[in-house]
Amino acid sequence: MKNVSKLAGSGNSIDKISDNLIMEVVTKQQKIMNTKLFTALAASAAITLFGTSAPAQAFSFGSNGITFQEDTTVNFKFQESHGAFTSSLGIYSVNNSTLTQVASLFSETKSSDNDGDNEWKGSLGNTVLGSGSVFFKFLANQVYTLGLSSGSNGTVYSTSGLNAASGGSQQAVFGESSSLWNSLGKETTSTFQAAGQFTDGTGSLYKGGTLISFDDRGNVNDKDFQDFTVSAEAVPEPITMTGLALGLGGLISARRRRNKAVS
């Protein structure tokens with residue numbers, strides 16, 4: 001009987017060892033699968049963070065108006081100005097026929113750096129003070145326009161249809177920064193003949209920046225489009241970082257729950 005008991009006990013020990021080995025193998029496999037899943041999701045989240053962090057495309061960013069599909073921050077930078085007027089540039093919301101200034105971008109403190117030199121050139125740090133850089137968040141589905149106010153000479157808008165005083169004429173050009181900058185005759189009052197080719201800055205707003213240059217209607221509306229020039233570039237919103245942190249946090253919690261269930 002003692003031998004039979006010993007054999008029975010030995011069998012139970014073998015079964016326990018076998019069960020423990022099986023559980024250990026299963027646990028290791030589970031950990032490997034969890035690690036692979038964690039790595040794959042982390043990589044996916046990183047791609048989302050660094051590959052698709054640009055803001056949604058604008059409905060319009062040009063002489064037809066400014067509208068975005070999602071809240072989008074744009075960085076404006078002053079380039080230079082020309083002309084005898086002392087001007088200021090602002091952002092206006094457009095609701096039906098009502099225009100409301102919602103932000104001031106840049107203001108000249110005088111008409112130019114040194115009177116009529118270089119076609120009344122105004123530069124940052126002399127005619128325009130401050131950092132020369134302003135960020136503004138455009139709200140989704142709200143219509144906007146830029147407005148250049150020049151005292152007694154009135155205000156011209158980047159949206160052509162809003163320039164009622166001049167029959168809805170184009171008073172601003174939009175284009176890829178280097179292309180438009182090189183095309184403008186910045187120190188001449190000659191008519192900018194290619195103005196009609198520079199009406200849309202939507203694409204370049206997300207790829208290196210868009211240049212915007214105004215004609216203030218001075219000199220009998222000479223259409224030189226070099227009176228006030230700024231650049232604009234869309235800024236990626238950091239919301240993807242928050243999404244990545246939340247996603248990885250949830251993944252870690254789920255992994256811990258699985259490990260506890262297995263053990």
# chains A, B, ... in the order shown; residues from 1 in each chain; ligands from 1
>>> closest_atom_pairs(of="region 177-204 of chain A", to="region 208-211 of chain A", cutoff="12 Å", atoms="only C-alpha atoms", output="JSON lines")
{"residue": "A:Ser177", "atom": "CA", "partner": "A:Leu211", "partner_atom": "CA", "distance": 4.6}
{"residue": "A:Ser178", "atom": "CA", "partner": "A:Leu211", "partner_atom": "CA", "distance": 8.0}
{"residue": "A:Ser179", "atom": "CA", "partner": "A:Leu211", "partner_atom": "CA", "distance": 8.9}
{"residue": "A:Leu180", "atom": "CA", "partner": "A:Leu211", "partner_atom": "CA", "distance": 6.7}
{"residue": "A:Trp181", "atom": "CA", "partner": "A:Leu211", "partner_atom": "CA", "distance": 7.3}
{"residue": "A:Asn182", "atom": "CA", "partner": "A:Leu211", "partner_atom": "CA", "distance": 10.8}
{"residue": "A:Ser183", "atom": "CA", "partner": "A:Leu211", "partner_atom": "CA", "distance": 11.4}
{"residue": "A:Leu184", "atom": "CA", "partner": "A:Leu211", "partner_atom": "CA", "distance": 10.8}
{"residue": "A:Phe198", "atom": "CA", "partner": "A:Leu211", "partner_atom": "CA", "distance": 9.7}
{"residue": "A:Thr199", "atom": "CA", "partner": "A:Leu211", "partner_atom": "CA", "distance": 10.8}
{"residue": "A:Asp200", "atom": "CA", "partner": "A:Thr210", "partner_atom": "CA", "distance": 9.1}
{"residue": "A:Gly201", "atom": "CA", "partner": "A:Thr210", "partner_atom": "CA", "distance": 5.6}
{"residue": "A:Thr202", "atom": "CA", "partner": "A:Thr210", "partner_atom": "CA", "distance": 7.8}
{"residue": "A:Gly203", "atom": "CA", "partner": "A:Thr210", "partner_atom": "CA", "distance": 8.3}
{"residue": "A:Ser204", "atom": "CA", "partner": "A:Gly209", "partner_atom": "CA", "distance": 5.2}
>>> residues_around(residues="Ser166 (chain A)", least_positions_apart="5", cutoff="12 Å", atoms="only C-alpha atoms", output="list in words")
Gly154, Thr155, Val156, Tyr157, Ser160, Gly161, Gln171, Asp215, Asp216, Arg217, Gly218, Val220, Asn221 and Lys223 of chain A
>>> atom_distance(atom1="CA of Thr86 (chain A)", atom2="CA of Ser169 (chain A)")
21.8 Å
>>> select_by_dssp(residues="region 62-131 of chain A", states="alpha helix (DSSP H)", output="list in words")
Asp117, Asn118, Glu119 and Trp120 of chain A
>>> write_last_selection(atoms="C-alpha atoms", output="mmCIF file, in the first residue's frame")
data_model
loop_
_atom_site.group_PDB
_atom_site.id
_atom_site.type_symbol
_atom_site.label_atom_id
_atom_site.label_comp_id
_atom_site.auth_asym_id
_atom_site.auth_seq_id
_atom_site.Cartn_x
_atom_site.Cartn_y
_atom_site.Cartn_z
ATOM 1 C CA ASP A 117 14.206 106.502 -50.235
ATOM 2 C CA ASN A 118 13.830 103.089 -51.926
ATOM 3 C CA GLU A 119 10.222 103.903 -52.887
ATOM 4 C CA TRP A 120 9.242 104.858 -49.316
#
>>> closest_atom_pairs(of="region 77-107 of chain A", to="region 142-153 of chain A", cutoff="8 Å", atoms="only C-alpha atoms", output="tab-separated table")
residue	atom	partner	partner_atom	distance
A:Phe85	CA	A:Ser150	CA	5.9
A:Thr86	CA	A:Ser150	CA	5.9
A:Ser87	CA	A:Ser150	CA	4.4
A:Ser88	CA	A:Ser149	CA	5.4
A:Leu89	CA	A:Leu148	CA	4.6
A:Gly90	CA	A:Gly147	CA	5.3
A:Ile91	CA	A:Leu146	CA	4.7
A:Tyr92	CA	A:Thr145	CA	5.3
A:Ser93	CA	A:Tyr144	CA	4.4
A:Val94	CA	A:Val143	CA	5.3
A:Asn95	CA	A:Val143	CA	7.1
>>> write_last_selection(atoms="all heavy atoms", output="tab-separated table (two decimals), in the first residue's frame")
chain	number	residue	atom	x	y	z
A	85	PHE	N	1.86	106.35	-47.25
A	85	PHE	CA	0.85	106.25	-46.19
A	85	PHE	C	1.41	105.54	-44.96
A	85	PHE	O	2.31	104.70	-45.06
A	85	PHE	CB	-0.39	105.48	-46.68
A	85	PHE	CG	-1.14	106.19	-47.78
A	85	PHE	CD1	-1.22	105.63	-49.05
A	85	PHE	CD2	-1.77	107.40	-47.55
A	85	PHE	CE1	-1.91	106.27	-50.07
A	85	PHE	CE2	-2.45	108.05	-48.55
A	85	PHE	CZ	-2.52	107.49	-49.82
A	86	THR	N	0.84	105.86	-43.80
A	86	THR	CA	1.13	105.13	-42.57
A	86	THR	C	-0.01	104.14	-42.35
A	86	THR	O	-1.13	104.54	-42.07
A	86	THR	CB	1.24	106.08	-41.37
A	86	THR	OG1	2.27	107.04	-41.63
A	86	THR	CG2	1.55	105.32	-40.09
A	87	SER	N	0.28	102.87	-42.53
A	87	SER	CA	-0.78	101.86	-42.61
A	87	SER	C	-0.72	100.85	-41.47
A	87	SER	O	0.30	100.71	-40.78
A	87	SER	CB	-0.68	101.12	-43.95
A	87	SER	OG	-0.74	102.02	-45.04
A	88	SER	N	-1.81	100.13	-41.31
A	88	SER	CA	-1.88	99.04	-40.33
A	88	SER	C	-2.66	97.89	-40.94
A	88	SER	O	-3.61	98.10	-41.71
A	88	SER	CB	-2.53	99.50	-39.03
A	88	SER	OG	-3.85	99.94	-39.27
A	89	LEU	N	-2.26	96.67	-40.59
A	89	LEU	CA	-2.90	95.46	-41.13
A	89	LEU	C	-3.63	94.72	-40.03
A	89	LEU	O	-3.07	94.49	-38.95
A	89	LEU	CB	-1.85	94.55	-41.77
A	89	LEU	CG	-2.37	93.27	-42.42
A	89	LEU	CD1	-3.22	93.58	-43.64
A	89	LEU	CD2	-1.20	92.35	-42.82
A	90	GLY	N	-4.88	94.34	-40.28
A	90	GLY	CA	-5.66	93.61	-39.29
A	90	GLY	C	-6.41	92.46	-39.90
A	90	GLY	O	-6.46	92.28	-41.12
A	91	ILE	N	-7.00	91.63	-39.03
A	91	ILE	CA	-7.84	90.50	-39.44
A	91	ILE	C	-9.28	90.85	-39.09
A	91	ILE	O	-9.57	91.33	-37.99
A	91	ILE	CB	-7.42	89.21	-38.74
A	91	ILE	CG1	-5.96	88.88	-39.08
A	91	ILE	CG2	-8.34	88.05	-39.13
A	91	ILE	CD1	-5.41	87.68	-38.31
A	92	TYR	N	-10.19	90.60	-40.03
A	92	TYR	CA	-11.60	90.92	-39.85
A	92	TYR	C	-12.44	89.65	-40.04
A	92	TYR	O	-12.18	88.85	-40.94
A	92	TYR	CB	-12.05	91.95	-40.89
A	92	TYR	CG	-11.40	93.31	-40.74
A	92	TYR	CD1	-10.07	93.51	-41.15
A	92	TYR	CD2	-12.09	94.39	-40.21
A	92	TYR	CE1	-9.45	94.74	-41.02
A	92	TYR	CE2	-11.49	95.64	-40.08
A	92	TYR	CZ	-10.17	95.81	-40.48
A	92	TYR	OH	-9.57	97.05	-40.35
A	93	SER	N	-13.45	89.49	-39.20
A	93	SER	CA	-14.44	88.44	-39.43
A	93	SER	C	-15.50	89.02	-40.36
A	93	SER	O	-15.78	90.22	-40.33
A	93	SER	CB	-15.08	87.99	-38.12
A	93	SER	OG	-15.79	89.05	-37.51
A	94	VAL	N	-16.06	88.15	-41.20
A	94	VAL	CA	-17.06	88.58	-42.18
A	94	VAL	C	-18.35	87.82	-41.92
A	94	VAL	O	-18.38	86.58	-42.04
A	94	VAL	CB	-16.57	88.33	-43.62
A	94	VAL	CG1	-17.60	88.84	-44.62
A	94	VAL	CG2	-15.21	88.99	-43.86
A	95	ASN	N	-19.39	88.52	-41.55
A	95	ASN	CA	-20.71	87.93	-41.34
A	95	ASN	C	-21.72	88.68	-42.20
A	95	ASN	O	-22.08	89.81	-41.89
A	95	ASN	CB	-21.11	88.01	-39.86
A	95	ASN	CG	-20.20	87.16	-38.98
A	95	ASN	OD1	-20.20	85.94	-39.07
A	95	ASN	ND2	-19.39	87.80	-38.16
>>> closest_residue(among="A:Glu176, A:Leu162, A:Phe78, A:Ala232", to="Leu129 (chain A)", atoms="only C-alpha atoms")
A:Phe78
>>> select_by_dssp(residues="region 135-242 of chain A", states="strand (DSSP E)", output="VMD selection string")
chain A and resid 135 to 138 144 to 149 155 to 157 172 to 176 210 to 214 228 to 235
>>> write_last_selection(atoms="N, CA, C and O atoms", output="compact mmCIF listing (two decimals), in the first residue's frame")
# COMPACT_ATOMS: atom_id res chain seq x y z
N PHE A 135 0.83 85.35 -34.02
CA PHE A 135 0.05 84.13 -34.22
C PHE A 135 -1.43 84.45 -34.04
O PHE A 135 -1.81 85.18 -33.13
N PHE A 136 -2.25 83.86 -34.92
CA PHE A 136 -3.70 84.06 -34.81
C PHE A 136 -4.40 82.74 -35.10
O PHE A 136 -4.05 82.04 -36.06
N LYS A 137 -5.38 82.40 -34.26
CA LYS A 137 -6.15 81.17 -34.47
C LYS A 137 -7.44 81.50 -35.22
O LYS A 137 -8.32 82.20 -34.72
N PHE A 138 -7.56 80.96 -36.43
CA PHE A 138 -8.78 81.09 -37.22
C PHE A 138 -9.75 80.00 -36.78
O PHE A 138 -9.38 78.82 -36.70
N TYR A 144 -13.18 85.02 -42.93
CA TYR A 144 -12.29 86.11 -42.55
C TYR A 144 -11.76 86.83 -43.78
O TYR A 144 -11.82 86.30 -44.90
N THR A 145 -11.18 87.99 -43.53
CA THR A 145 -10.42 88.71 -44.55
C THR A 145 -9.34 89.52 -43.84
O THR A 145 -9.44 89.79 -42.64
N LEU A 146 -8.31 89.89 -44.57
CA LEU A 146 -7.30 90.80 -44.06
C LEU A 146 -7.63 92.20 -44.57
O LEU A 146 -8.07 92.35 -45.71
N GLY A 147 -7.40 93.20 -43.73
CA GLY A 147 -7.69 94.57 -44.14
C GLY A 147 -6.51 95.49 -43.89
O GLY A 147 -5.95 95.50 -42.79
N LEU A 148 -6.11 96.25 -44.91
CA LEU A 148 -5.02 97.22 -44.79
C LEU A 148 -5.62 98.62 -44.73
O LEU A 148 -6.19 99.10 -45.71
N SER A 149 -5.49 99.25 -43.57
CA SER A 149 -6.04 100.59 -43.36
C SER A 149 -4.94 101.63 -43.52
O SER A 149 -3.87 101.51 -42.90
N THR A 155 -9.58 101.73 -46.38
CA THR A 155 -9.16 100.35 -46.12
C THR A 155 -9.39 99.49 -47.36
O THR A 155 -10.44 99.57 -47.99
N VAL A 156 -8.39 98.70 -47.69
CA VAL A 156 -8.54 97.71 -48.76
C VAL A 156 -8.49 96.33 -48.12
O VAL A 156 -7.84 96.13 -47.10
N TYR A 157 -9.20 95.38 -48.75
CA TYR A 157 -9.32 94.03 -48.18
C TYR A 157 -8.68 93.00 -49.09
O TYR A 157 -8.66 93.15 -50.32
N ALA A 172 -5.00 92.57 -53.25
CA ALA A 172 -3.96 91.77 -52.60
C ALA A 172 -3.62 90.57 -53.47
O ALA A 172 -4.48 90.03 -54.17
N VAL A 173 -2.37 90.18 -53.41
CA VAL A 173 -1.93 88.99 -54.13
C VAL A 173 -1.47 87.95 -53.11
O VAL A 173 -0.92 88.28 -52.05
N PHE A 174 -1.72 86.68 -53.43
CA PHE A 174 -1.34 85.55 -52.58
C PHE A 174 -0.52 84.59 -53.43
O PHE A 174 -0.88 84.28 -54.56
N GLY A 175 0.57 84.07 -52.86
CA GLY A 175 1.35 83.10 -53.61
C GLY A 175 2.46 82.48 -52.79
O GLY A 175 2.74 82.92 -51.67
N GLU A 176 3.07 81.44 -53.35
CA GLU A 176 4.21 80.79 -52.70
C GLU A 176 5.28 81.85 -52.46
O GLU A 176 5.59 82.66 -53.33
N THR A 210 2.99 81.26 -47.31
CA THR A 210 2.36 82.06 -48.36
C THR A 210 2.72 83.53 -48.17
O THR A 210 2.71 84.03 -47.05
N LEU A 211 3.04 84.20 -49.26
CA LEU A 211 3.29 85.63 -49.21
C LEU A 211 2.01 86.36 -49.60
O LEU A 211 1.30 85.94 -50.52
N ILE A 212 1.70 87.45 -48.87
CA ILE A 212 0.53 88.26 -49.15
C ILE A 212 0.99 89.70 -49.29
O ILE A 212 1.66 90.23 -48.39
N SER A 213 0.68 90.34 -50.40
CA SER A 213 1.15 91.70 -50.62
C SER A 213 -0.01 92.56 -51.14
O SER A 213 -0.75 92.15 -52.04
N PHE A 214 -0.13 93.77 -50.58
CA PHE A 214 -1.28 94.64 -50.86
C PHE A 214 -0.92 95.82 -51.76
O PHE A 214 0.21 96.32 -51.74
N PHE A 228 2.38 96.82 -48.83
CA PHE A 228 2.47 96.21 -47.50
C PHE A 228 2.54 94.70 -47.70
O PHE A 228 1.61 94.09 -48.25
N THR A 229 3.64 94.08 -47.28
CA THR A 229 3.88 92.66 -47.56
C THR A 229 4.12 91.87 -46.28
O THR A 229 4.95 92.26 -45.45
N VAL A 230 3.41 90.76 -46.14
CA VAL A 230 3.57 89.87 -45.00
C VAL A 230 3.62 88.43 -45.50
O VAL A 230 3.21 88.13 -46.62
N SER A 231 4.13 87.54 -44.66
CA SER A 231 4.08 86.11 -44.95
C SER A 231 3.15 85.43 -43.95
O SER A 231 2.90 85.96 -42.86
N ALA A 232 2.65 84.26 -44.32
CA ALA A 232 1.76 83.49 -43.44
C ALA A 232 2.06 82.01 -43.59
O ALA A 232 2.28 81.52 -44.70
N GLU A 233 2.08 81.31 -42.44
CA GLU A 233 2.34 79.87 -42.47
C GLU A 233 1.51 79.18 -41.40
O GLU A 233 1.47 79.63 -40.24
N ALA A 234 0.80 78.12 -41.78
CA ALA A 234 -0.03 77.37 -40.84
C ALA A 234 0.85 76.64 -39.83
O ALA A 234 1.92 76.12 -40.16
N VAL A 235 0.39 76.60 -38.58
CA VAL A 235 1.13 75.97 -37.50
C VAL A 235 0.42 74.68 -37.10
O VAL A 235 -0.76 74.71 -36.76
>>> atom_distance(atom1="CA of Ser158 (chain A)", atom2="CA of Ser63 (chain A)")
5.5 Å
>>> atom_distance(atom1="CA of Ile66 (chain A)", atom2="CA of Gly168 (chain A)")
16.2 Å
>>> closest_residue(among="A:Thr67, A:Glu80, A:Thr127, A:Thr98", to="Asp113 (chain A)", atoms="only C-alpha atoms")
A:Thr127
>>> decode(residues="region 139-207 of chain A", atoms="C-alpha atoms", output="mmCIF file, in the first residue's frame")
data_model
loop_
_atom_site.group_PDB
_atom_site.id
_atom_site.type_symbol
_atom_site.label_atom_id
_atom_site.label_comp_id
_atom_site.auth_asym_id
_atom_site.auth_seq_id
_atom_site.Cartn_x
_atom_site.Cartn_y
_atom_site.Cartn_z
ATOM 1 C CA LEU A 139 -11.983 79.416 -36.060
ATOM 2 C CA ALA A 140 -13.548 76.645 -38.122
ATOM 3 C CA ASN A 141 -16.146 77.659 -40.724
ATOM 4 C CA GLN A 142 -15.861 81.378 -39.925
ATOM 5 C CA VAL A 143 -15.198 83.667 -42.890
ATOM 6 C CA TYR A 144 -12.290 86.113 -42.548
ATOM 7 C CA THR A 145 -10.420 88.709 -44.553
ATOM 8 C CA LEU A 146 -7.297 90.803 -44.060
ATOM 9 C CA GLY A 147 -7.689 94.569 -44.139
ATOM 10 C CA LEU A 148 -5.024 97.215 -44.789
ATOM 11 C CA SER A 149 -6.045 100.591 -43.364
ATOM 12 C CA SER A 150 -4.208 103.680 -44.599
ATOM 13 C CA GLY A 151 -5.834 106.596 -42.779
ATOM 14 C CA SER A 152 -7.612 109.010 -45.078
ATOM 15 C CA ASN A 153 -6.999 106.660 -47.999
ATOM 16 C CA GLY A 154 -9.396 104.136 -46.471
ATOM 17 C CA THR A 155 -9.156 100.348 -46.125
ATOM 18 C CA VAL A 156 -8.545 97.709 -48.760
ATOM 19 C CA TYR A 157 -9.317 94.032 -48.175
ATOM 20 C CA SER A 158 -7.580 90.852 -49.263
ATOM 21 C CA THR A 159 -10.972 89.533 -50.410
ATOM 22 C CA SER A 160 -11.595 91.230 -53.744
ATOM 23 C CA GLY A 161 -15.387 91.194 -53.453
ATOM 24 C CA LEU A 162 -15.223 93.354 -50.318
ATOM 25 C CA ASN A 163 -13.504 96.246 -52.096
ATOM 26 C CA ALA A 164 -16.759 97.961 -53.016
ATOM 27 C CA ALA A 165 -15.144 101.402 -53.254
ATOM 28 C CA SER A 166 -13.124 100.203 -56.262
ATOM 29 C CA GLY A 167 -15.766 97.969 -57.837
ATOM 30 C CA GLY A 168 -14.641 94.732 -56.171
ATOM 31 C CA SER A 169 -11.097 95.010 -57.476
ATOM 32 C CA GLN A 170 -8.198 92.773 -56.486
ATOM 33 C CA GLN A 171 -6.100 94.640 -53.909
ATOM 34 C CA ALA A 172 -3.963 91.766 -52.598
ATOM 35 C CA VAL A 173 -1.926 88.990 -54.128
ATOM 36 C CA PHE A 174 -1.343 85.545 -52.578
ATOM 37 C CA GLY A 175 1.350 83.103 -53.615
ATOM 38 C CA GLU A 176 4.208 80.793 -52.701
ATOM 39 C CA SER A 177 6.654 82.986 -50.798
ATOM 40 C CA SER A 178 9.790 82.877 -52.949
ATOM 41 C CA SER A 179 7.915 82.843 -56.257
ATOM 42 C CA LEU A 180 5.784 85.884 -55.476
ATOM 43 C CA TRP A 181 8.594 87.751 -53.703
ATOM 44 C CA ASN A 182 10.867 87.405 -56.739
ATOM 45 C CA SER A 183 8.080 88.469 -59.108
ATOM 46 C CA LEU A 184 7.160 91.698 -57.322
ATOM 47 C CA GLY A 185 8.772 94.997 -58.349
ATOM 48 C CA LYS A 186 9.230 96.049 -54.739
ATOM 49 C CA GLU A 187 10.901 99.395 -55.382
ATOM 50 C CA THR A 188 8.865 100.543 -58.337
ATOM 51 C CA THR A 189 5.302 101.786 -58.750
ATOM 52 C CA SER A 190 4.883 99.963 -62.052
ATOM 53 C CA THR A 191 1.712 97.895 -62.401
ATOM 54 C CA PHE A 192 2.214 94.271 -61.358
ATOM 55 C CA GLN A 193 0.968 92.609 -64.529
ATOM 56 C CA ALA A 194 0.924 89.087 -63.084
ATOM 57 C CA ALA A 195 -1.417 89.939 -60.192
ATOM 58 C CA GLY A 196 -4.223 87.793 -61.622
ATOM 59 C CA GLN A 197 -1.977 84.727 -61.382
ATOM 60 C CA PHE A 198 -1.512 85.171 -57.632
ATOM 61 C CA THR A 199 -4.948 84.783 -56.076
ATOM 62 C CA ASP A 200 -4.663 81.527 -54.061
ATOM 63 C CA GLY A 201 -2.227 80.796 -51.242
ATOM 64 C CA THR A 202 -3.935 77.714 -49.807
ATOM 65 C CA GLY A 203 -1.406 75.064 -50.808
ATOM 66 C CA SER A 204 1.732 76.992 -49.893
ATOM 67 C CA LEU A 205 0.248 77.932 -46.502
ATOM 68 C CA TYR A 206 1.188 74.393 -45.362
ATOM 69 C CA LYS A 207 4.400 74.060 -47.386
#
